[in-house]
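Undergrad: Provided herewith: query-v2.cif, mmCIF, C-alpha atoms.
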```
data_upload
loop_
_atom_site.label_atom_id
_atom_site.label_comp_id
_atom_site.auth_asym_id
_atom_site.auth_seq_id
_atom_site.Cartn_x
_atom_site.Cartn_y
_atom_site.Cartn_z
CA MET A 198 -155.98 86.79 32.97
CA LYS A 199 -156.78 87.61 36.60
CA LYS A 200 -157.73 84.77 38.92
CA ILE A 201 -160.90 85.43 40.93
CA ALA A 202 -162.16 83.23 43.77
CA ILE A 203 -165.89 82.56 43.66
CA SER A 204 -167.57 81.94 47.01
CA ILE A 205 -170.48 79.76 45.96
CA GLY A 206 -172.99 80.83 48.62
CA ASP A 207 -175.82 78.83 50.13
CA LEU A 208 -176.18 75.55 48.24
CA ASN A 209 -179.89 75.42 49.08
CA GLY A 210 -180.33 78.61 47.08
CA ILE A 211 -179.63 79.84 43.56
CA GLY A 212 -175.88 80.49 43.84
CA LEU A 213 -174.67 77.27 42.29
CA GLU A 214 -177.08 77.53 39.38
CA ILE A 215 -175.92 81.07 38.67
CA ALA A 216 -172.27 80.02 38.80
CA LEU A 217 -172.80 77.08 36.44
CA ARG A 218 -175.00 78.92 33.94
CA ALA A 219 -172.74 81.99 33.81
CA HIS A 220 -169.44 80.11 33.62
CA GLU A 221 -168.92 80.59 29.88
CA GLU A 222 -169.47 84.34 30.19
CA VAL A 223 -167.41 84.69 33.38
CA LYS A 224 -164.35 82.97 31.98
CA LYS A 225 -164.21 85.63 29.25
CA HIS A 226 -163.32 88.13 31.99
CA CYS A 227 -161.26 86.14 34.49
CA HIS A 228 -159.92 82.76 35.51
CA PRO A 229 -162.55 81.72 38.09
CA ILE A 230 -161.74 79.38 40.96
CA TYR A 231 -164.91 78.08 42.58
CA CYS A 232 -164.79 77.31 46.30
CA ILE A 233 -166.99 74.25 46.70
CA ASN A 234 -166.88 70.61 47.77
CA GLU A 235 -166.40 68.41 44.70
CA ASN A 236 -169.14 65.97 45.69
CA MET A 237 -171.59 68.80 46.42
CA LEU A 238 -170.82 70.33 43.03
CA GLY A 239 -171.68 67.09 41.25
CA TRP A 240 -174.84 66.56 43.27
CA GLY A 241 -176.06 70.13 42.82
CA ALA A 242 -175.42 70.05 39.08
CA ALA A 243 -177.35 66.77 38.82
CA LEU A 244 -180.31 68.29 40.67
CA LEU A 245 -180.22 71.21 38.25
CA GLY A 246 -179.97 68.90 35.26
CA VAL A 247 -176.82 70.55 33.94
CA ASP A 248 -173.31 69.29 33.30
CA VAL A 249 -170.30 70.59 35.19
CA PRO A 250 -168.06 72.30 32.60
CA HIS A 251 -164.76 70.49 32.02
CA ASP A 252 -162.80 73.64 32.91
CA PHE A 253 -164.77 74.41 36.09
CA GLU A 254 -161.77 74.71 38.43
CA ILE A 255 -162.56 74.27 42.11
CA ARG A 256 -160.87 74.62 45.47
CA ASP A 257 -162.36 71.74 47.42
CA CYS A 258 -163.79 72.82 50.77
CA GLY A 259 -166.66 72.10 53.13
CA LYS A 260 -168.52 68.97 54.10
CA VAL A 261 -171.02 66.81 52.28
CA PHE A 262 -174.63 67.33 53.36
CA GLU A 263 -178.09 66.91 51.90
CA ILE A 264 -179.17 69.68 49.56
CA GLU A 265 -182.69 70.80 50.47
CA ALA A 266 -183.85 73.34 47.94
CA GLY A 267 -185.18 76.50 49.57
CA VAL A 268 -184.53 75.39 53.14
CA CYS A 269 -182.55 77.17 55.86
CA SER A 270 -180.18 74.75 57.53
CA ALA A 271 -177.11 74.78 59.73
CA GLU A 272 -175.32 72.52 57.25
CA ALA A 273 -175.94 74.90 54.35
CA GLY A 274 -174.88 77.84 56.51
CA GLU A 275 -171.64 76.14 57.49
CA SER A 276 -170.98 75.15 53.88
CA SER A 277 -171.43 78.69 52.59
CA TYR A 278 -169.14 80.04 55.32
CA ASP A 279 -166.49 77.44 54.48
CA SER A 280 -166.67 78.54 50.85
CA PHE A 281 -166.29 82.18 51.88
CA ILE A 282 -163.32 81.73 54.21
CA THR A 283 -161.61 79.58 51.57
CA ALA A 284 -162.01 82.44 49.08
CA VAL A 285 -160.69 84.93 51.65
CA ALA A 286 -157.67 82.72 52.31
CA LEU A 287 -156.91 82.56 48.59
CA ALA A 288 -157.02 86.37 48.42
CA LYS A 289 -154.89 86.83 51.53
CA SER A 290 -152.22 84.52 50.10
CA ASN A 291 -152.35 86.36 46.75
CA GLU A 292 -153.34 83.19 44.93
CA VAL A 293 -156.24 85.18 43.48
CA SER A 294 -156.68 88.89 42.74
CA GLY A 295 -160.11 89.21 44.29
CA ILE A 296 -163.26 87.55 45.60
CA VAL A 297 -166.79 87.44 44.23
CA THR A 298 -169.46 86.17 46.60
CA LEU A 299 -172.75 84.54 45.69
CA PRO A 300 -175.62 84.91 48.20
CA ILE A 301 -175.63 83.43 51.67
CA ASN A 302 -178.61 83.11 54.00
CA LYS A 303 -178.14 84.95 57.30
CA GLU A 304 -180.56 82.69 59.14
CA SER A 305 -178.60 79.64 58.02
CA TRP A 306 -175.40 81.27 59.26
CA ALA A 307 -177.06 81.85 62.63
CA MET A 308 -178.24 78.22 62.71
CA ALA A 309 -174.62 77.19 62.11
CA GLY A 310 -173.58 79.19 65.16
CA LEU A 311 -171.95 82.03 63.23
CA GLU A 312 -172.18 85.46 64.83
CA TYR A 313 -171.79 87.46 61.62
CA LYS A 314 -174.76 89.17 59.98
CA GLY A 315 -173.27 88.89 56.51
CA HIS A 316 -170.15 88.95 54.37
CA THR A 317 -169.22 92.55 55.24
CA ASP A 318 -169.25 91.89 58.98
CA ALA A 319 -167.25 88.70 58.49
CA LEU A 320 -164.66 90.47 56.33
CA SER A 321 -164.18 93.16 58.97
CA ASP A 322 -163.47 90.54 61.61
CA LEU A 323 -161.40 88.16 59.51
CA LEU A 324 -159.20 90.88 58.05
CA GLY A 325 -159.11 93.28 61.00
CA CYS A 326 -160.63 96.15 59.03
CA GLU A 327 -163.75 98.30 59.01
CA ALA A 328 -165.27 97.21 55.72
CA ILE A 329 -167.79 99.62 54.20
CA MET A 330 -170.80 98.38 52.24
CA MET A 331 -171.43 100.09 48.91
CA LEU A 332 -174.07 98.91 46.47
CA GLY A 333 -175.07 100.07 43.05
CA CYS A 334 -174.44 100.22 39.33
CA GLU A 335 -173.11 102.79 36.89
CA GLU A 336 -176.17 104.98 37.32
CA MET A 337 -176.23 105.20 41.12
CA PHE A 338 -174.46 103.91 44.23
CA THR A 339 -175.54 103.89 47.84
CA ILE A 340 -173.02 103.68 50.67
CA LEU A 341 -174.28 102.49 54.04
CA TYR A 342 -173.09 104.15 57.25
CA THR A 343 -174.80 101.40 59.25
CA HIS A 344 -175.97 98.17 57.68
CA HIS A 345 -177.01 95.02 59.52
CA ILE A 346 -178.12 96.47 62.85
CA PRO A 347 -181.64 96.96 64.26
CA LEU A 348 -183.28 100.27 63.37
CA ARG A 349 -183.59 101.13 67.05
CA ASP A 350 -179.80 101.23 67.28
CA VAL A 351 -179.19 103.49 64.28
CA PRO A 352 -179.74 106.86 66.05
CA HIS A 353 -177.16 105.98 68.69
CA GLU A 354 -174.54 105.54 65.95
CA ILE A 355 -175.09 108.98 64.44
CA LYS A 356 -172.50 111.15 66.14
CA ALA A 357 -170.31 113.66 64.32
CA LYS A 358 -167.13 112.24 65.85
CA LYS A 359 -167.93 108.82 64.32
CA LEU A 360 -169.46 109.99 61.06
CA LYS A 361 -166.68 112.40 60.07
CA PRO A 362 -163.96 109.71 59.78
CA PHE A 363 -166.43 107.49 57.93
CA LEU A 364 -167.04 110.24 55.36
CA LEU A 365 -163.32 110.80 54.90
CA LYS A 366 -162.68 107.09 54.47
CA VAL A 367 -165.38 106.91 51.78
CA TYR A 368 -163.74 109.82 49.96
CA GLU A 369 -160.35 108.13 50.21
CA GLU A 370 -161.76 104.90 48.78
CA ILE A 371 -163.78 106.23 45.84
CA GLY A 372 -162.19 109.61 45.10
CA GLU A 373 -165.49 111.20 44.08
CA GLU A 374 -165.63 114.98 44.38
CA ARG A 375 -169.38 115.35 44.98
CA ILE A 376 -171.13 112.97 47.37
CA ALA A 377 -174.67 113.35 48.71
CA VAL A 378 -175.33 112.59 52.37
CA LEU A 379 -178.84 111.75 53.56
CA GLY A 380 -180.43 112.85 56.80
CA LEU A 381 -182.05 110.40 59.17
CA ASN A 382 -185.37 111.85 60.28
CA PRO A 383 -188.41 113.05 58.31
CA HIS A 384 -187.58 116.40 56.70
CA ALA A 385 -183.95 115.86 57.81
CA GLY A 386 -185.07 116.87 61.27
CA ASP A 387 -186.38 120.34 60.38
CA HIS A 388 -183.44 121.93 62.20
CA GLY A 389 -183.91 119.98 65.39
CA VAL A 390 -187.71 120.00 65.48
CA ILE A 391 -187.85 116.26 64.66
CA GLY A 392 -184.86 114.83 66.50
CA ASP A 393 -181.28 116.05 66.74
CA GLU A 394 -179.47 113.35 64.76
CA ASP A 395 -179.49 115.40 61.57
CA GLU A 396 -177.62 118.20 63.32
CA GLU A 397 -174.88 115.66 64.06
CA ILE A 398 -174.84 114.70 60.38
CA GLU A 399 -174.51 118.36 59.39
CA LYS A 400 -171.61 118.82 61.81
CA ALA A 401 -169.84 115.80 60.37
CA ILE A 402 -170.30 117.10 56.82
CA LEU A 403 -168.90 120.54 57.74
CA LYS A 404 -165.91 119.04 59.56
CA ALA A 405 -165.11 116.62 56.74
CA ASN A 406 -165.32 119.36 54.12
CA HIS A 407 -163.16 121.63 56.29
CA PHE A 408 -160.54 118.89 56.49
CA LEU A 409 -160.62 118.41 52.70
CA GLU A 410 -160.63 122.19 52.16
CA ARG A 411 -163.48 121.95 49.67
CA GLU A 412 -167.14 120.96 49.53
CA VAL A 413 -167.14 117.26 48.71
CA PHE A 414 -170.04 116.20 50.93
CA VAL A 415 -173.42 117.83 50.42
CA GLY A 416 -176.40 117.53 52.77
CA PRO A 417 -178.01 116.34 54.84
CA PHE A 418 -180.66 115.72 52.20
CA VAL A 419 -184.29 115.21 53.13
CA PRO A 420 -184.53 111.41 52.76
CA ASP A 421 -187.83 111.29 50.89
CA MET A 422 -186.47 113.56 48.12
CA ALA A 423 -182.83 112.51 48.03
CA PHE A 424 -183.30 110.09 45.13
CA ALA A 425 -185.50 112.32 43.02
CA LYS A 426 -184.45 112.45 39.38
CA ALA A 427 -182.99 115.94 39.72
CA ASN A 428 -180.64 114.78 42.48
CA ARG A 429 -179.67 111.61 40.61
CA GLU A 430 -178.63 113.84 37.72
CA LYS A 431 -176.32 115.80 40.05
CA PHE A 432 -174.97 113.00 42.23
CA ARG A 433 -173.86 109.43 41.60
CA TYR A 434 -173.00 108.46 45.18
CA PHE A 435 -175.38 108.70 48.14
CA ILE A 436 -174.33 108.01 51.73
CA CYS A 437 -177.26 106.57 53.65
CA MET A 438 -177.68 106.28 57.39
CA TYR A 439 -179.16 102.78 57.46
CA HIS A 440 -179.67 99.69 55.33
CA ASP A 441 -183.14 100.14 53.85
CA GLN A 442 -182.70 103.87 53.32
CA GLY A 443 -180.20 102.99 50.63
CA LEU A 444 -181.43 99.61 49.46
CA ILE A 445 -185.09 100.41 48.81
CA PRO A 446 -184.45 103.06 46.13
CA LEU A 447 -181.53 101.15 44.64
CA LYS A 448 -183.41 97.89 44.25
CA THR A 449 -186.52 99.67 43.02
CA LEU A 450 -184.57 101.34 40.24
CA TYR A 451 -181.72 98.95 39.43
CA PHE A 452 -182.38 95.55 40.96
CA ASP A 453 -181.02 93.29 38.22
CA GLU A 454 -177.75 95.04 37.45
CA SER A 455 -176.58 96.38 40.82
CA ILE A 456 -173.77 94.80 42.80
CA ASN A 457 -172.18 95.01 46.25
CA VAL A 458 -168.61 96.22 46.78
CA SER A 459 -166.69 96.09 50.05
CA LEU A 460 -164.64 99.26 50.49
CA ASN A 461 -161.74 99.51 52.95
CA ALA A 462 -161.52 95.71 53.25
CA GLY A 463 -157.87 95.12 52.39
CA VAL A 464 -158.85 92.68 49.63
CA ILE A 465 -161.04 93.13 46.57
CA ARG A 466 -164.49 91.75 47.21
CA THR A 467 -167.60 92.23 45.12
CA SER A 468 -170.91 90.44 45.31
CA VAL A 469 -174.31 90.02 43.80
CA ASP A 470 -176.90 92.41 45.19
CA HIS A 471 -179.63 89.84 45.76
CA GLY A 472 -180.44 86.98 48.06
CA THR A 473 -180.66 83.21 47.85
CA ALA A 474 -184.10 83.24 46.18
CA PHE A 475 -185.18 80.06 47.96
CA ASP A 476 -188.54 80.25 46.22
CA ILE A 477 -187.03 79.42 42.81
CA ALA A 478 -183.97 77.37 43.80
CA TYR A 479 -183.65 74.14 41.76
CA LYS A 480 -187.03 74.84 40.12
CA ASP A 481 -185.88 76.01 36.69
CA GLY A 482 -186.61 79.53 37.82
CA ASN A 483 -184.00 80.88 35.39
CA PRO A 484 -182.37 83.29 37.87
CA SER A 485 -180.75 86.36 36.36
CA THR A 486 -176.97 86.20 36.15
CA LEU A 487 -176.53 89.91 35.38
CA SER A 488 -175.61 91.04 38.89
CA TYR A 489 -173.12 88.19 39.21
CA VAL A 490 -171.44 88.88 35.88
CA ASN A 491 -171.27 92.61 36.73
CA ALA A 492 -169.68 91.72 40.07
CA VAL A 493 -167.05 89.62 38.31
CA LYS A 494 -166.30 92.38 35.81
CA GLU A 495 -165.91 94.91 38.60
CA ALA A 496 -163.62 92.66 40.63
CA VAL A 497 -161.36 92.29 37.59
CA LYS A 498 -161.32 96.03 36.93
CA LEU A 499 -160.49 96.78 40.54
CA ALA A 500 -157.72 94.19 40.39
CA THR A 501 -156.23 95.96 37.39
CA GLY A 502 -156.40 99.34 39.13
CA LYS A 503 -159.12 100.84 36.99
CA ALA A 504 -161.76 103.28 38.20
CA ILE A 505 -164.26 101.88 40.63
CA LEU A 506 -167.63 100.67 39.42
CA THR A 507 -167.55 101.05 35.68
CA PHE A 508 -169.06 97.89 34.22
#
```
Show me, as structure tokens, the structure contained in the file I just sent.

TA:
Amino acid sequence: MKKIAISIGDLNGIGLEIALRAHEEVKKHCHPIYCINENMLGWGAALLGVDVPHDFEIRDCGKVFEIEAGVCSAEAGESSYDSFITAVALAKSNEVSGIVTLPINKESWAMAGLEYKGHTDALSDLLGCEAIMMLGCEEMFTILYTHHIPLRDVPHEIKAKKLKPFLLKVYEEIGEERIAVLGLNPHAGDHGVIGDEDEEIEKAILKANHFLEREVFVGPFVPDMAFAKANREKFRYFICMYHDQGLIPLKTLYFDESINVSLNAGVIRTSVDHGTAFDIAYKDGNPSTLSYVNAVKEAVKLATGKAILTF
């Protein structure tokens, strides 16, 4: 059975509860190794009113601090980062076959003095790669060209010479023969009437398809119609120009079951596709474990060389 490192996430959020409540299901699919301080595990479980399973294997890491349910704190940010880098180290040393991450809080990371905007950015730096963020479920996946940057900076990133290699890397990673590409502006620019970024997207699509000698990438699609039912029946993968362009439709349609997958990272990393849910943390809010369990299943399948994203 494959060993998978579980980065426990922000201990002021719902990550620990999800890990504890889903343990029996998760161990059917892998041998999980939870990256968490032993004392913090016991304290968190006590606050939740649950027992730590006898076979809950941990890799002790991080410092002891006061759990404050639903609160951003530097201590919680540092703890979640320590859990993450411990999981990465286990993957780099081949002690585990992959990593599954539970949610961190970006504000807490900033309070801890961390410059990263999330796991994907951290992976890129730690592993010297250009990790690509893909999110979704069996029905639909969105791939983000830009992710955690301000909207005002997105247009500056849309140049054919940068987008073409991104498209080709996506194709190399997922091997899909038909991939939709969204435009940026209203009406996909109306042929330059509303901005010129969409012309750059079109150039990148043409150049990528020319390189592949076939039409893999289709678009640019008008953003407000890209996810219409007719298009979702034709395409499974949608490349989006910025974070919310891909996340709003995905979470509207498939919030509970969707997951996050890091492409081009050098290690297998999947994640839940939701946040820390501070509003229900340690309040018997019964958080859904579906995204987490799906992320574990996908990490195991990727580790065994099976097709990407087939829960």

Undergrad: So what does the PyMOL selection byres ((chain A and resi 355-364) around 9) actually pick up in this one, as a PyMOL selection string?

TA: chain A and resi 329+342+351-354+365-369+381+394-405+414+436+438

Undergrad: Store the residues of this selection in a file with C-alpha atoms, as a JSON list (two decimals), in the frame of the given file.

TA:
```
[["chain", "number", "residue", "atom", "x", "y", "z"],
["A", 329, "ILE", "CA", -167.79, 99.62, 54.20],
["A", 342, "TYR", "CA", -173.09, 104.15, 57.25],
["A", 351, "VAL", "CA", -179.19, 103.49, 64.28],
["A", 352, "PRO", "CA", -179.74, 106.86, 66.05],
["A", 353, "HIS", "CA", -177.16, 105.98, 68.69],
["A", 354, "GLU", "CA", -174.54, 105.54, 65.95],
["A", 365, "LEU", "CA", -163.32, 110.80, 54.90],
["A", 366, "LYS", "CA", -162.68, 107.09, 54.47],
["A", 367, "VAL", "CA", -165.38, 106.91, 51.78],
["A", 368, "TYR", "CA", -163.74, 109.82, 49.96],
["A", 369, "GLU", "CA", -160.35, 108.13, 50.21],
["A", 381, "LEU", "CA", -182.05, 110.40, 59.17],
["A", 394, "GLU", "CA", -179.47, 113.35, 64.76],
["A", 395, "ASP", "CA", -179.49, 115.40, 61.57],
["A", 396, "GLU", "CA", -177.62, 118.20, 63.32],
["A", 397, "GLU", "CA", -174.88, 115.66, 64.06],
["A", 398, "ILE", "CA", -174.84, 114.70, 60.38],
["A", 399, "GLU", "CA", -174.51, 118.36, 59.39],
["A", 400, "LYS", "CA", -171.61, 118.82, 61.81],
["A", 401, "ALA", "CA", -169.84, 115.80, 60.37],
["A", 402, "ILE", "CA", -170.30, 117.10, 56.82],
["A", 403, "LEU", "CA", -168.90, 120.54, 57.74],
["A", 404, "LYS", "CA", -165.91, 119.04, 59.56],
["A", 405, "ALA", "CA", -165.11, 116.62, 56.74],
["A", 414, "PHE", "CA", -170.04, 116.20, 50.93],
["A", 436, "ILE", "CA", -174.33, 108.01, 51.73],
["A", 438, "MET", "CA", -177.68, 106.28, 57.39]]
```

Undergrad: List the residues selected by the PyMOL selection byres ((chain A and resi 413) around 7) in the file shown, writing them as a ChimeraX atom specification.

TA: /A:374-376,406,411-412,414-415

Undergrad: Near range 482-489 of chain A, counting all atoms listed in the file, which residues have an atom at most 8 Å away, once you skip same-chain residues fewer than 4 positions from it, shown as a ChimeraX atom specification?

TA: /A:211,214-215,218-219,299,453-456,468-470,477-478,493

Undergrad: I'd like the interatomic distance between CA of Val497 in chain A and CA of Arg466 in chain A, to a tenth of an Å.

TA: 10.1 Å

Undergrad: Could you make a table, as JSON lines, of the residues of range 265-302 of chain A that have an atom within 12 Å of an atom of range 234-243 of chain A, each with its nearest atom pair and distance in Å to one decimal, counting all atoms listed in the file, in chain and number order?

TA:
```
{"residue": "A:Glu265", "atom": "CA", "partner": "A:Gly241", "partner_atom": "CA", "distance": 10.1}
{"residue": "A:Ala266", "atom": "CA", "partner": "A:Gly241", "partner_atom": "CA", "distance": 9.9}
{"residue": "A:Ala273", "atom": "CA", "partner": "A:Met237", "partner_atom": "CA", "distance": 10.9}
{"residue": "A:Ser276", "atom": "CA", "partner": "A:Asn234", "partner_atom": "CA", "distance": 8.6}
{"residue": "A:Ser277", "atom": "CA", "partner": "A:Asn234", "partner_atom": "CA", "distance": 10.5}
{"residue": "A:Asp279", "atom": "CA", "partner": "A:Asn234", "partner_atom": "CA", "distance": 9.6}
{"residue": "A:Ser280", "atom": "CA", "partner": "A:Asn234", "partner_atom": "CA", "distance": 8.5}
{"residue": "A:Thr283", "atom": "CA", "partner": "A:Asn234", "partner_atom": "CA", "distance": 11.1}
```

Undergrad: Give as number ranges by chain the residues that the PyMOL selection byres ((chain A and resi 257) around 7) matches when applied to the coordinates above.

TA: A: 232-235, 255-256, 258

Undergrad: Find the residues near His384 in chain A: any atom within 12 Å, counting only C-alpha atoms, skip ones fewer than 3 places away on the same chain, and give them as an NGL selection string.

TA: :A and (379-381 or 387-395 or 416-423)

Undergrad: Rounded to one decimal in Å, what is the spacing between CA of Asn457 in chain A and CA of Glu272 in chain A?

TA: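 For CA of Asn457 in chain A relative to CA of Glu272 in chain A, the distance reads 25.2 Å.
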
Undergrad: If you count only C-alpha atoms, which residues fall within 6 Å of His440 in chain A, apart from same-chain ones fewer than 2 positions away, as a PyMOL selection string?

TA: chain A and resi 344+442-443

Undergrad: Which residue out of A:Val293, A:Leu213, A:Ala288, A:Leu320 has the minimum interatomic distance to Val249 in chain A when all atoms listed in the file are used?

TA: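 Looking only at the distances to Val249 in chain A, the closest residue turns out to be A:Leu213.
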
Undergrad: Quick one: pull the distance between CA of Ala286 in chain A and CA of Gly274 in chain A, Å, one decimal.

TA: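 Those two atoms sit 18.4 Å apart.
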
Undergrad: Measuring atom to atom with only C-alpha atoms, identify which of A:Ala377, A:Ala500, A:Cys326, A:Val458 is nearest to Phe424 in chain A.

TA: A:Ala377

Undergrad: Out of A:Tyr313, A:Ala216, A:Leu208, A:Leu323, which residue has the shortest atom-to-atom distance to Lys289 in chain A when counting all atoms listed in the file?

TA: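 Among the listed residues, A:Leu323 lies closest to Lys289 in chain A.
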
Undergrad: Give the answer as one residue: which of A:Lys260, A:Arg433, A:Lys224, A:Lys200 has the shortest atom-to-atom distance to Glu275 in chain A, using only C-alpha atoms?

TA: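 Ranked by minimum distance to Glu275 in chain A, first place goes to A:Lys260.
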
Undergrad: If I put a ball of radius 7 Å at (-177.7, 99.5, 39.3) in the file's coordinates, which residues poke into it when counting all atoms listed in the file, written as a list in words?

TA: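 The requested residues, written out, are Gly333, Cys334, Glu335, Glu336, Met337, Leu447, Tyr451, Phe452, Glu454 and Ser455 of chain A.
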
Undergrad: Would you please work out which residue, of A:Cys227, A:Leu287, A:Val297, A:Met198, is nearest to Ala492 in chain A when using all atoms listed in the file?

TA: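 Checking each candidate against Ala492 in chain A, we get A:Val297 as the closest.
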